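Heads up, query01.cif below (mmCIF, C-alpha atoms):
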data_run
#
loop_
_atom_site.label_atom_id
_atom_site.label_comp_id
_atom_site.auth_asym_id
_atom_site.auth_seq_id
_atom_site.Cartn_x
_atom_site.Cartn_y
_atom_site.Cartn_z
CA MET W 1 109.64 82.20 150.85
CA THR W 2 111.27 78.80 150.47
CA GLY W 3 112.13 76.45 147.65
CA LEU W 4 113.12 79.28 145.32
CA LEU W 5 115.74 79.02 142.60
CA THR W 6 119.11 80.54 143.41
CA LYS W 7 121.50 82.57 141.29
CA VAL W 8 123.38 79.33 140.63
CA ASP W 9 120.32 77.30 139.67
CA ARG W 10 118.86 79.85 137.30
CA PRO W 11 121.78 80.19 134.84
CA LEU W 12 122.25 76.41 134.96
CA MET W 13 118.61 75.85 134.04
CA ARG W 14 118.88 78.31 131.15
CA ALA W 15 122.05 76.61 129.91
CA GLN W 16 120.27 73.26 130.02
CA GLY W 17 117.21 74.65 128.27
CA ARG W 18 115.00 73.88 131.26
CA PHE W 19 111.88 75.87 132.11
CA ASP W 20 112.07 78.42 134.94
CA PRO W 21 108.81 78.08 136.91
CA ASN W 22 108.95 81.74 138.01
CA LEU W 23 109.30 83.10 134.48
CA ARG W 24 106.05 84.77 133.37
CA LEU W 25 107.09 86.66 130.22
CA ASP W 26 110.07 85.88 127.99
CA LEU W 27 110.17 88.17 124.95
CA PRO W 28 113.13 87.93 122.53
CA PHE W 29 112.82 91.06 120.37
CA VAL W 30 114.99 89.76 117.54
CA PRO W 31 114.13 88.57 114.02
CA SER W 32 113.85 84.83 113.54
CA ALA W 33 111.94 82.41 111.36
CA SER W 34 108.84 84.24 112.52
CA ILE W 35 108.22 87.80 111.36
CA TYR W 36 106.91 88.53 114.84
CA PRO W 37 108.94 86.43 117.29
CA PHE W 38 107.43 88.40 120.18
CA ARG W 39 103.85 88.69 118.99
CA GLY W 40 100.77 86.60 119.57
CA THR W 41 98.80 86.87 122.77
CA ALA W 42 101.68 88.56 124.63
CA THR W 43 102.26 91.76 122.66
CA ALA W 44 100.79 94.07 120.04
CA PHE W 45 102.74 96.24 117.60
CA SER W 46 101.51 99.09 115.43
CA ARG W 47 102.87 101.89 113.23
CA SER W 48 100.56 103.64 110.79
CA SER W 49 103.18 104.20 108.08
CA ASP W 50 106.00 102.45 106.27
CA ALA W 51 109.52 102.49 107.72
CA TYR W 52 113.01 101.48 106.57
CA CYS W 53 115.72 99.52 108.37
CA PHE W 54 118.73 97.36 107.54
CA ASP W 55 118.54 93.58 107.37
CA SER W 56 121.19 91.08 108.42
CA LEU W 57 122.98 91.51 105.08
CA GLY W 58 123.23 95.28 105.40
CA THR W 59 120.52 96.06 102.84
CA LEU W 60 117.95 98.77 103.57
CA ARG W 61 114.50 97.16 103.53
CA GLN W 62 110.99 98.53 103.69
CA ALA W 63 108.79 97.54 106.62
CA VAL W 64 105.19 98.26 105.66
CA ALA W 65 102.70 99.70 108.12
CA ASP W 66 102.31 97.65 111.31
CA VAL W 67 105.42 95.57 110.64
CA PRO W 68 108.29 96.22 113.07
CA CYS W 69 111.78 97.34 112.09
CA PHE W 70 114.75 95.44 113.48
CA ASP W 71 118.05 97.19 114.09
CA HIS W 72 121.40 95.58 113.26
CA GLU W 73 124.95 96.41 114.33
CA VAL W 74 126.84 97.68 111.28
CA ALA W 75 130.21 97.37 113.02
CA ASP W 76 129.54 93.71 113.93
CA ASN W 77 128.56 92.21 110.56
CA TYR W 78 124.98 93.38 111.03
CA ALA W 79 124.34 91.24 114.10
CA PRO W 80 120.74 91.65 115.31
CA LEU W 81 120.24 94.26 118.03
CA GLY W 82 116.49 93.97 118.46
CA VAL W 83 113.30 95.76 117.56
CA TRP W 84 113.70 99.49 116.87
CA ILE W 85 111.09 101.61 118.70
CA GLN W 86 111.03 105.22 117.52
CA ALA W 87 108.96 108.35 117.88
CA GLN W 88 107.27 109.99 114.92
CA SER W 89 109.66 111.99 112.78
CA ALA W 90 109.65 113.75 109.41
CA ASN W 91 112.43 114.19 106.87
CA GLU W 92 112.03 117.78 105.70
CA ILE W 93 114.45 117.40 102.77
CA ARG W 94 111.92 116.90 99.98
CA ASN W 95 114.13 114.85 97.68
CA ASN W 96 116.71 112.48 99.14
CA THR W 97 116.25 109.73 96.54
CA MET W 98 118.02 111.81 93.85
CA GLN W 99 114.99 112.43 91.63
CA GLY W 100 115.97 114.63 88.66
CA ALA W 101 119.73 114.08 88.88
CA VAL W 102 121.44 113.22 85.60
CA ALA W 103 124.67 111.24 85.42
CA SER W 104 127.56 112.57 83.28
CA THR W 105 126.26 116.15 83.66
CA ASP W 106 126.26 118.80 86.38
CA THR W 107 122.51 118.37 87.02
CA LEU W 108 121.84 117.83 90.72
CA PRO W 109 118.59 116.36 92.16
CA ASP W 110 115.45 118.49 92.15
CA HIS W 111 115.49 121.17 94.90
CA TRP W 112 119.28 120.82 95.32
CA SER W 113 121.64 123.61 94.24
CA LEU W 114 125.32 124.53 94.12
CA SER W 115 126.91 127.74 95.37
CA GLY W 116 130.41 129.13 95.86
CA PHE W 117 133.60 129.03 93.84
CA GLY W 118 136.46 126.68 93.10
CA PRO W 119 136.78 123.22 91.53
CA SER W 120 133.94 122.21 89.23
CA LEU W 121 131.24 119.67 90.10
CA SER W 122 130.09 116.78 87.92
CA VAL W 123 127.52 114.07 88.61
CA GLU W 124 129.36 110.84 87.93
CA ASP W 125 126.58 108.36 88.68
CA VAL W 126 123.07 108.02 90.13
CA GLY W 127 121.62 104.76 91.40
CA THR W 128 120.85 102.48 94.33
CA GLU W 129 123.27 100.47 96.46
CA ALA W 130 122.08 98.06 99.16
CA GLY W 131 118.69 99.77 99.13
CA LEU W 132 120.20 103.26 99.50
CA ALA W 133 119.59 105.82 96.73
CA PHE W 134 122.84 107.62 95.94
CA ILE W 135 124.50 110.27 93.84
CA ASP W 136 128.23 110.33 93.04
CA VAL W 137 129.54 113.89 92.94
CA ARG W 138 133.03 114.69 91.74
CA PHE W 139 134.93 117.90 92.42
CA SER W 140 137.95 118.48 90.22
CA GLY W 141 140.07 121.48 89.31
CA THR W 142 142.25 123.98 91.11
CA ALA W 143 141.79 125.01 94.73
CA ASN W 144 141.38 128.78 95.20
CA GLY W 145 140.97 129.34 98.95
CA SER W 146 137.20 129.65 98.63
CA ALA W 147 134.40 127.14 99.27
CA ARG W 148 131.45 125.40 97.59
CA ALA W 149 128.20 124.18 99.09
CA ILE W 150 125.61 121.70 97.81
CA TRP W 151 122.33 122.93 99.28
CA LEU W 152 119.79 120.14 99.85
CA GLU W 153 116.66 122.29 99.92
CA ASP W 154 115.54 125.68 98.62
CA ALA W 155 115.74 128.68 100.95
CA GLY W 156 112.68 129.43 103.08
CA VAL W 157 111.02 126.02 102.62
CA ILE W 158 111.69 124.31 105.97
CA ALA W 159 109.98 126.37 108.68
CA ALA W 160 111.82 126.53 112.01
CA ALA W 161 111.67 128.43 115.29
CA LEU W 162 113.96 129.60 118.06
CA GLY W 163 114.84 126.89 120.58
CA GLU W 164 114.07 123.89 118.36
CA THR W 165 116.65 121.11 118.04
CA TRP W 166 117.26 119.62 114.60
CA SER W 167 119.49 116.79 113.45
CA PHE W 168 121.07 116.12 110.07
CA SER W 169 122.39 112.77 108.90
CA THR W 170 123.77 111.31 105.70
CA TYR W 171 125.28 108.06 104.56
CA THR W 172 128.44 108.57 102.54
CA LYS W 173 131.76 107.12 101.40
CA LEU W 174 134.76 108.16 99.35
CA VAL W 175 134.55 106.54 95.90
CA ALA W 176 137.70 107.92 94.26
CA GLY W 177 140.54 110.34 94.90
CA ASP W 178 141.34 111.96 98.23
CA PHE W 179 141.04 115.27 100.07
CA THR W 180 144.41 116.68 99.01
CA ASN W 181 144.16 120.50 98.96
CA VAL W 182 140.76 120.34 100.64
CA ASN W 183 140.86 122.18 103.95
CA ALA W 184 137.51 120.80 105.10
CA ALA W 185 134.77 118.48 103.83
CA GLY W 186 131.56 117.98 105.75
CA PHE W 187 128.15 119.56 106.28
CA ARG W 188 126.36 122.47 107.91
CA ILE W 189 122.96 123.13 109.42
CA SER W 190 122.08 126.77 108.77
CA GLU W 191 119.50 129.13 110.25
CA TRP W 192 117.80 131.62 107.89
CA ASP W 193 115.68 134.67 108.63
CA ALA W 194 112.39 135.65 107.00
CA VAL W 195 113.82 138.67 105.12
CA GLY W 196 115.51 137.66 101.90
CA PRO W 197 115.80 135.04 103.37
CA ASN W 198 119.39 135.38 104.62
CA GLU W 199 121.67 132.95 106.42
CA VAL W 200 122.07 134.21 110.00
CA ALA W 201 123.72 131.32 111.88
CA TRP W 202 125.24 127.92 111.20
CA THR W 203 127.09 125.01 112.74
CA GLY W 204 130.87 124.89 112.45
CA ALA W 205 131.53 121.66 114.31
CA TYR W 206 130.78 119.44 111.31
CA ASP W 207 132.63 121.36 108.59
CA ASN W 208 135.28 118.63 108.40
CA ALA W 209 133.09 115.65 109.33
CA PHE W 210 134.10 113.75 106.17
CA ALA W 211 137.85 114.01 106.80
CA ALA W 212 138.34 110.34 107.76
CA LEU W 213 136.08 108.84 105.09
CA GLY W 214 137.24 105.74 103.26
CA GLY W 215 135.65 103.20 100.97
CA SER W 216 133.08 101.91 103.48
CA VAL W 217 129.66 103.46 103.96
CA GLU W 218 129.29 105.51 107.14
CA ARG W 219 126.36 107.42 108.60
CA ILE W 220 127.59 110.82 109.73
CA ALA W 221 125.34 113.08 111.74
CA GLY W 222 125.10 116.21 113.86
CA ARG W 223 122.55 118.49 115.45
CA LYS W 224 121.82 122.13 116.13
CA THR W 225 119.62 123.91 118.65
CA LEU W 226 118.38 127.07 116.94
CA ALA W 227 119.63 130.13 118.78
CA ASP W 228 119.22 133.17 116.52
CA ALA W 229 116.19 135.28 117.45
CA SER W 230 115.44 136.00 113.78
CA VAL W 231 115.38 132.37 112.61
CA ALA W 232 112.39 131.49 110.42
CA SER W 233 113.65 128.56 108.35
CA LEU W 234 116.40 125.99 108.11
CA ARG W 235 118.69 124.49 105.46
CA ALA W 236 121.33 121.77 105.34
CA SER W 237 124.27 121.61 102.97
CA TYR W 238 127.34 119.60 102.08
CA LEU W 239 130.28 121.99 102.44
CA PHE W 240 133.77 121.89 100.89
CA GLN W 241 136.49 124.41 101.69
CA TRP W 242 139.54 124.63 99.44
CA ALA W 243 143.22 125.24 100.16
CA PRO W 244 144.73 128.43 98.67
CA SER W 245 146.06 126.50 95.66
CA GLY W 246 146.75 123.04 94.24
CA ALA W 247 144.90 120.33 92.34
CA VAL W 248 141.65 118.87 93.74
CA ASP W 249 140.08 115.61 92.57
CA PHE W 250 137.75 113.42 94.61
CA THR W 251 134.39 111.68 94.24
CA LEU W 252 131.91 111.25 97.10
CA ARG W 253 128.92 108.92 97.11
CA LEU W 254 126.09 110.61 99.02
CA TYR W 255 123.05 108.67 100.19
CA LEU W 256 119.70 109.65 101.70
CA PRO W 257 120.40 112.96 103.47
CA GLN W 258 117.91 113.57 106.29
CA LEU W 259 116.98 116.72 108.21
CA GLU W 260 114.49 116.23 111.05
CA GLN W 261 113.32 118.03 114.14
CA ALA W 262 114.75 115.54 116.60
CA ALA W 263 117.51 115.34 119.18
CA TRP W 264 119.23 112.52 117.28
CA PRO W 265 118.88 110.91 113.82
CA THR W 266 116.19 108.30 113.42
CA SER W 267 115.97 105.48 110.85
CA PRO W 268 116.15 106.48 107.17
CA ILE W 269 113.07 108.26 105.79
CA LYS W 270 112.90 108.28 101.99
CA THR W 271 111.49 111.31 100.16
CA SER W 272 110.74 111.80 96.47
CA GLY W 273 109.33 115.31 96.13
CA THR W 274 107.63 116.08 99.43
CA ALA W 275 108.61 115.98 103.09
CA THR W 276 107.70 112.54 104.48
CA THR W 277 106.70 111.42 107.97
CA ARG W 278 107.40 108.06 109.58
CA ASN W 279 104.82 107.54 112.31
CA ALA W 280 105.57 106.35 115.83
CA ASP W 281 106.17 102.72 116.76
CA VAL W 282 103.92 101.36 119.51
CA LEU W 283 104.72 98.05 121.22
CA THR W 284 102.46 97.12 124.12
CA SER W 285 101.20 94.22 126.19
CA THR W 286 98.58 93.54 128.81
CA HIS W 287 99.92 91.51 131.71
CA ALA W 288 99.31 92.03 135.42
CA MET W 289 102.50 92.79 137.30
CA PRO W 290 102.92 90.67 140.46
CA THR W 291 102.99 92.20 143.95
CA GLU W 292 106.58 91.08 144.03
CA GLY W 293 108.62 90.42 140.94
CA THR W 294 111.71 90.98 138.86
CA LEU W 295 112.13 92.29 135.35
CA VAL W 296 115.22 92.24 133.12
CA LEU W 297 115.61 94.16 129.88
CA GLU W 298 118.45 94.36 127.35
CA ALA W 299 118.56 97.35 125.00
CA LYS W 300 120.86 99.55 122.96
CA ALA W 301 120.73 103.31 123.42
CA PRO W 302 120.31 105.63 120.42
CA ASP W 303 123.32 107.48 119.09
CA GLY W 304 123.44 111.13 120.14
CA GLN W 305 120.43 111.41 122.45
CA SER W 306 119.84 114.63 124.35
CA GLY W 307 117.02 116.33 126.18
CA GLY W 308 114.91 114.90 129.00
CA ASP W 309 114.52 111.43 130.45
CA THR W 310 113.33 108.66 128.14
CA VAL W 311 111.40 105.52 129.05
CA VAL W 312 112.75 102.13 127.97
CA PHE W 313 109.95 100.16 129.65
CA ARG W 314 106.91 101.14 131.67
CA ALA W 315 104.10 99.27 133.38
CA ASP W 316 101.21 101.30 134.82
CA ASP W 317 97.51 101.26 135.64
CA GLY W 318 96.62 103.87 133.02
CA THR W 319 97.63 106.71 135.34
CA ASP W 320 100.75 107.98 137.09
CA THR W 321 99.47 106.63 140.41
CA ASN W 322 100.95 103.13 140.12
CA SER W 323 103.90 102.38 137.85
CA ILE W 324 107.23 100.63 137.35
CA SER W 325 109.69 102.02 134.78
CA LEU W 326 113.15 101.44 133.38
CA MET W 327 114.65 104.62 131.99
CA ARG W 328 117.61 106.41 130.47
CA ALA W 329 117.88 109.63 132.44
CA ALA W 330 119.86 112.86 132.43
CA ALA W 331 123.03 112.58 134.54
CA GLY W 332 123.64 116.22 135.39
CA GLY W 333 125.62 118.54 133.15
CA GLY W 334 126.29 117.92 129.47
CA ASN W 335 124.68 115.08 127.55
CA ASP W 336 125.67 112.21 129.85
CA ARG W 337 122.90 109.70 130.53
CA LYS W 338 122.44 107.07 133.22
CA ALA W 339 120.33 103.96 133.69
CA ARG W 340 117.46 104.36 136.14
CA GLY W 341 114.75 102.33 137.82
CA HIS W 342 111.54 104.04 138.91
CA ILE W 343 108.64 102.76 141.03
CA ARG W 344 105.52 104.36 142.49
CA GLY W 345 102.55 102.94 144.38
CA ASN W 346 99.22 104.37 145.47
CA GLY W 347 100.13 107.84 144.24
CA GLY W 348 102.82 108.07 146.89
CA THR W 349 106.50 108.92 146.67
CA VAL W 350 108.22 108.43 143.33
CA HIS W 351 111.20 106.22 144.17
CA THR W 352 114.21 106.65 141.88
CA LEU W 353 117.07 104.15 141.72
CA ASP W 354 120.03 105.38 139.68
CA GLY W 355 122.64 103.17 138.07
CA ALA W 356 125.83 103.89 136.18
CA ILE W 357 126.32 106.01 133.06
CA TRP W 358 124.64 104.56 129.98
CA ASN W 359 126.49 106.00 126.99
CA ASP W 360 125.08 106.83 123.58
CA ALA W 361 124.95 103.84 121.21
CA ALA W 362 125.91 101.50 124.07
CA ALA W 363 124.21 98.30 125.18
CA GLY W 364 122.43 98.31 128.51
CA LYS W 365 121.16 95.51 130.75
CA LEU W 366 118.68 96.75 133.34
CA ALA W 367 117.29 94.59 136.15
CA MET W 368 114.79 95.64 138.80
CA ALA W 369 113.09 93.77 141.64
CA TRP W 370 110.34 94.83 144.04
CA SER W 371 108.31 93.35 146.89
CA GLN W 372 105.26 94.74 148.64
CA THR W 373 105.66 92.27 151.52
CA GLN W 374 109.34 93.18 152.06
CA ASN W 375 108.73 96.91 151.41
CA LYS W 376 111.72 97.42 149.16
CA ALA W 377 112.91 97.69 145.57
CA GLN W 378 116.34 97.20 144.00
CA PHE W 379 117.90 98.13 140.65
CA SER W 380 121.05 96.94 138.87
CA HIS W 381 122.64 98.05 135.60
CA HIS W 382 125.07 95.70 133.84
CA GLN W 383 125.18 93.35 136.83
CA ALA W 384 126.51 96.05 139.16
CA THR W 385 125.85 95.91 142.90
CA PRO W 386 122.13 96.74 143.26
CA VAL W 387 120.94 100.04 144.70
CA GLU W 388 117.97 99.85 147.07
CA VAL W 389 115.10 102.00 148.32
CA THR W 390 112.43 101.40 150.95
CA TRP W 391 109.09 101.10 149.17
CA ALA W 392 106.04 101.04 151.41
CA ASP W 393 103.47 102.46 148.95
CA ASP W 394 101.84 99.27 147.67
CA PHE W 395 100.07 99.21 144.31
CA SER W 396 96.50 100.37 144.81
CA ALA W 397 95.31 99.15 141.41
CA THR W 398 96.23 96.50 138.86
CA VAL W 399 99.42 97.45 137.03
CA ASP W 400 98.88 95.68 133.73
CA ARG W 401 99.55 98.16 130.89
CA LEU W 402 103.01 97.38 129.55
CA SER W 403 104.80 99.70 127.10
CA PHE W 404 108.11 98.70 125.51
CA GLY W 405 110.49 101.38 124.24
CA HIS W 406 108.04 104.15 125.03
CA ASP W 407 105.61 105.54 127.58
CA ARG W 408 102.16 105.51 126.02
CA LEU W 409 100.73 107.58 128.87
CA ASN W 410 103.11 110.49 128.28
CA ALA W 411 104.00 109.88 124.60
CA ASP W 412 107.72 109.51 125.28
CA HIS W 413 110.01 107.30 123.14
CA PHE W 414 113.39 105.72 123.94
CA GLY W 415 114.58 105.80 120.31
CA GLY W 416 116.87 102.80 120.67
CA SER W 417 116.44 99.07 120.13
CA LEU W 418 115.15 96.38 122.50
CA LYS W 419 116.71 92.92 122.50
CA THR W 420 115.08 90.90 125.30
CA PHE W 421 112.59 91.31 128.13
CA ARG W 422 111.86 88.87 130.97
CA LEU W 423 109.44 89.08 133.89
CA PHE W 424 109.57 86.80 136.95
CA ASP W 425 106.92 86.53 139.66
CA ILE W 426 109.57 86.44 142.37
CA ALA W 427 111.64 89.27 143.84
CA LEU W 428 115.29 88.39 143.16
CA PHE W 429 117.28 90.70 145.43
CA ASP W 430 120.95 91.34 146.10
CA ALA W 431 123.30 88.80 144.50
CA ASP W 432 120.43 87.08 142.71
CA LEU W 433 119.48 90.34 140.96
CA GLN W 434 123.10 91.13 140.18
CA ALA W 435 123.57 87.72 138.56
CA LEU W 436 120.78 88.13 136.01
#
Translate this file's structure into structure tokens.
Amino acid sequence: MTGLLTKVDRPLMRAQGRFDPNLRLDLPFVPSASIYPFRGTATAFSRSSDAYCFDSLGTLRQAVADVPCFDHEVADNYAPLGVWIQAQSANEIRNNTMQGAVASTDTLPDHWSLSGFGPSLSVEDVGTEAGLAFIDVRFSGTANGSARAIWLEDAGVIAAALGETWSFSTYTKLVAGDFTNVNAAGFRISEWDAVGPNEVAWTGAYDNAFAALGGSVERIAGRKTLADASVASLRASYLFQWAPSGAVDFTLRLYLPQLEQAAWPTSPIKTSGTATTRNADVLTSTHAMPTEGTLVLEAKAPDGQSGGDTVVFRADDGTDTNSISLMRAAAGGGNDRKARGHIRGNGGTVHTLDGAIWNDAAAGKLAMAWSQTQNKAQFSHHQATPVEVTWADDFSATVDRLSFGHDRLNADHFGGSLKTFRLFDIALFDADLQAL
């Protein structure tokens, strides 16, 4: 083909605000003057429940049903990251908005309880800060070498089974005092059997997760895959272990604890007496993919993902016969993940193009090009040298079902945020693809 834009021309045209004649879809998934900057004829969004996410000022806001949530970077003055596309999830802690707690007493929220020995607990304050319901708990007195736990749900309430993976998260900060004479401050996820019930297993990795807390709000999280054969239910607790002796005096502000059957924490789910479900986000479009083309997507990975491969973008014909996908895939042992391109035509070979490691909570820029006439496809992650496969299985049907942040055919969700998506009706290979 002749007369095509080069890698030099294309950035220059963007810098000058000029139109790229090969650009067919240009979707900026970031909040702007429009509530739906990416909606209209191009895309459709749905979610059959409310959701919560932080705005550009760091305040937790409600997004009613069918209104998207936008993610923001807390560490970068809440700069916009893009639209947050998540799977369905439920917070099984029935009361994380502190219903029933009474300030200036020792009365904890409904369904919460205190166990153990050592310094005494008092509820210093109950309220809302930046949209987050909180409770201030103070421990003061003399350390005795024992421990105390604040249980966030009654025993036997949250049903669980062997092999499930659960995550716990909480926002918190240190309001007053310090952890002098506190050997550990953090949380546990505990497995309980059906007899009693009795605690049979627990995490230990997060016992001191609060050790570095200061005066700024942090979300601290962990997960557990249930491994005890007798497990029947689950509990989460804040845990404090005391030194053998000495004075203890500190106050923690605890916000919106969340326990969900998920490989990593999702956006905050508020509860006020019953477990609450946030339904799945669905962002789709109908647009025929060209026989040769290029797509570019910018996204941020979720924090702490594990498990199988997840789809960041997919175009298909309603089946697995013809498809193009951008993915975050398992990278061998451990929890490492890598960027991946994936293409299949006419039910033939599934061609996989693997890029570099794509870390948890890291930004990714994925670019993929394909051509039926040239019988090849290429993939590049973060402008790295493209990897290439021979692709001779042309599309045998119209590939026009686009799914962003999920795979609607196989009900898989990426769990991260999407910033931009562009589709060109030209195959930009080699240095041109790398330059995008």
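Here the PyMOL selection byres ((chain W and resi 83-88) around 6) captures the residues Phe29, Cys69, Phe70, Asp71, Gly82, Ser89, Arg278, Asn279, Ala280, Asp281, Gly405, His413, Gly415, Gly416, Ser417 and Leu418 of chain W.
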Practice task
List the residues selected by the PyMOL selection byres ((chain W and resi 270) around 9) in the file shown, writing them as an MDAnalysis selection string.
Solution key: chainID W and resid 51:52 91 94:97 133 256:258 268:269 271:272 275:276
Practice task
Decode the PyMOL selection byres ((chain W and resi 100) around 6) for the given file into explicit residues and return them as a PyMOL selection string.
Solution key: chain W and resi 99+101+109-110
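Nearest to Asp412 of chain W of all the residues W:Thr385, W:Thr310, W:Ser380, W:Thr349 is W:Thr310, based on only C-alpha atoms.
Atom CA of Val282 of chain W is positioned 10.2 Å from atom CA of Thr43 of chain W.
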Kindly reconstruct segment 354-375 of chain W with N, CA and C atoms and present the result as an mmCIF file, in the coordinates of the input.
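Everything below was put into part.cif:
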data_model
loop_
_atom_site.group_PDB
_atom_site.id
_atom_site.type_symbol
_atom_site.label_atom_id
_atom_site.label_comp_id
_atom_site.auth_asym_id
_atom_site.auth_seq_id
_atom_site.Cartn_x
_atom_site.Cartn_y
_atom_site.Cartn_z
ATOM 1 N N ASP W 354 119.121 105.037 140.768
ATOM 2 C CA ASP W 354 120.030 105.380 139.680
ATOM 3 C C ASP W 354 121.208 104.426 139.599
ATOM 4 N N GLY W 355 121.497 104.008 138.354
ATOM 5 C CA GLY W 355 122.640 103.170 138.070
ATOM 6 C C GLY W 355 123.767 103.968 137.446
ATOM 7 N N ALA W 356 124.655 103.272 136.767
ATOM 8 C CA ALA W 356 125.830 103.890 136.180
ATOM 9 C C ALA W 356 125.495 104.608 134.880
ATOM 10 N N ILE W 357 126.478 105.318 134.336
ATOM 11 C CA ILE W 357 126.320 106.010 133.060
ATOM 12 C C ILE W 357 125.995 105.004 131.957
ATOM 13 N N TRP W 358 125.033 105.373 131.132
ATOM 14 C CA TRP W 358 124.640 104.560 129.980
ATOM 15 C C TRP W 358 124.910 105.406 128.737
ATOM 16 N N ASN W 359 126.024 105.150 128.084
ATOM 17 C CA ASN W 359 126.490 106.000 126.990
ATOM 18 C C ASN W 359 125.650 105.862 125.736
ATOM 19 N N ASP W 360 125.724 106.888 124.882
ATOM 20 C CA ASP W 360 125.080 106.830 123.580
ATOM 21 C C ASP W 360 125.570 105.608 122.807
ATOM 22 N N ALA W 361 124.651 104.970 122.091
ATOM 23 C CA ALA W 361 124.950 103.840 121.210
ATOM 24 C C ALA W 361 125.516 102.632 121.954
ATOM 25 N N ALA W 362 125.380 102.605 123.271
ATOM 26 C CA ALA W 362 125.910 101.500 124.070
ATOM 27 C C ALA W 362 124.794 100.552 124.497
ATOM 28 N N ALA W 363 125.165 99.277 124.677
ATOM 29 C CA ALA W 363 124.210 98.300 125.180
ATOM 30 C C ALA W 363 123.971 98.511 126.658
ATOM 31 N N GLY W 364 122.774 98.211 127.093
ATOM 32 C CA GLY W 364 122.430 98.310 128.510
ATOM 33 C C GLY W 364 121.657 97.070 128.941
ATOM 34 N N LYS W 365 121.911 96.622 130.168
ATOM 35 C CA LYS W 365 121.160 95.510 130.750
ATOM 36 C C LYS W 365 120.627 95.981 132.089
ATOM 37 N N LEU W 366 119.322 96.163 132.176
ATOM 38 C CA LEU W 366 118.680 96.750 133.340
ATOM 39 C C LEU W 366 117.847 95.691 134.051
ATOM 40 N N ALA W 367 118.037 95.560 135.352
ATOM 41 C CA ALA W 367 117.290 94.590 136.150
ATOM 42 C C ALA W 367 116.711 95.285 137.370
ATOM 43 N N MET W 368 115.457 94.993 137.664
ATOM 44 C CA MET W 368 114.790 95.640 138.800
ATOM 45 C C MET W 368 113.901 94.617 139.505
ATOM 46 N N ALA W 369 113.919 94.649 140.841
ATOM 47 C CA ALA W 369 113.090 93.770 141.640
ATOM 48 C C ALA W 369 112.337 94.589 142.684
ATOM 49 N N TRP W 370 111.146 94.124 143.050
ATOM 50 C CA TRP W 370 110.340 94.830 144.040
ATOM 51 C C TRP W 370 109.520 93.814 144.851
ATOM 52 N N SER W 371 109.143 94.214 146.046
ATOM 53 C CA SER W 371 108.310 93.350 146.890
ATOM 54 C C SER W 371 107.467 94.209 147.809
ATOM 55 N N GLN W 372 106.148 94.023 147.732
ATOM 56 C CA GLN W 372 105.260 94.740 148.640
ATOM 57 C C GLN W 372 105.351 94.177 150.054
ATOM 58 N N THR W 373 105.586 92.876 150.183
ATOM 59 C CA THR W 373 105.660 92.270 151.520
ATOM 60 C C THR W 373 106.964 92.648 152.223
ATOM 61 N N GLN W 374 108.058 92.809 151.454
ATOM 62 C CA GLN W 374 109.340 93.180 152.060
ATOM 63 C C GLN W 374 109.576 94.691 152.037
ATOM 64 N N ASN W 375 108.670 95.446 151.427
ATOM 65 C CA ASN W 375 108.730 96.910 151.410
ATOM 66 C C ASN W 375 110.059 97.455 150.857
#
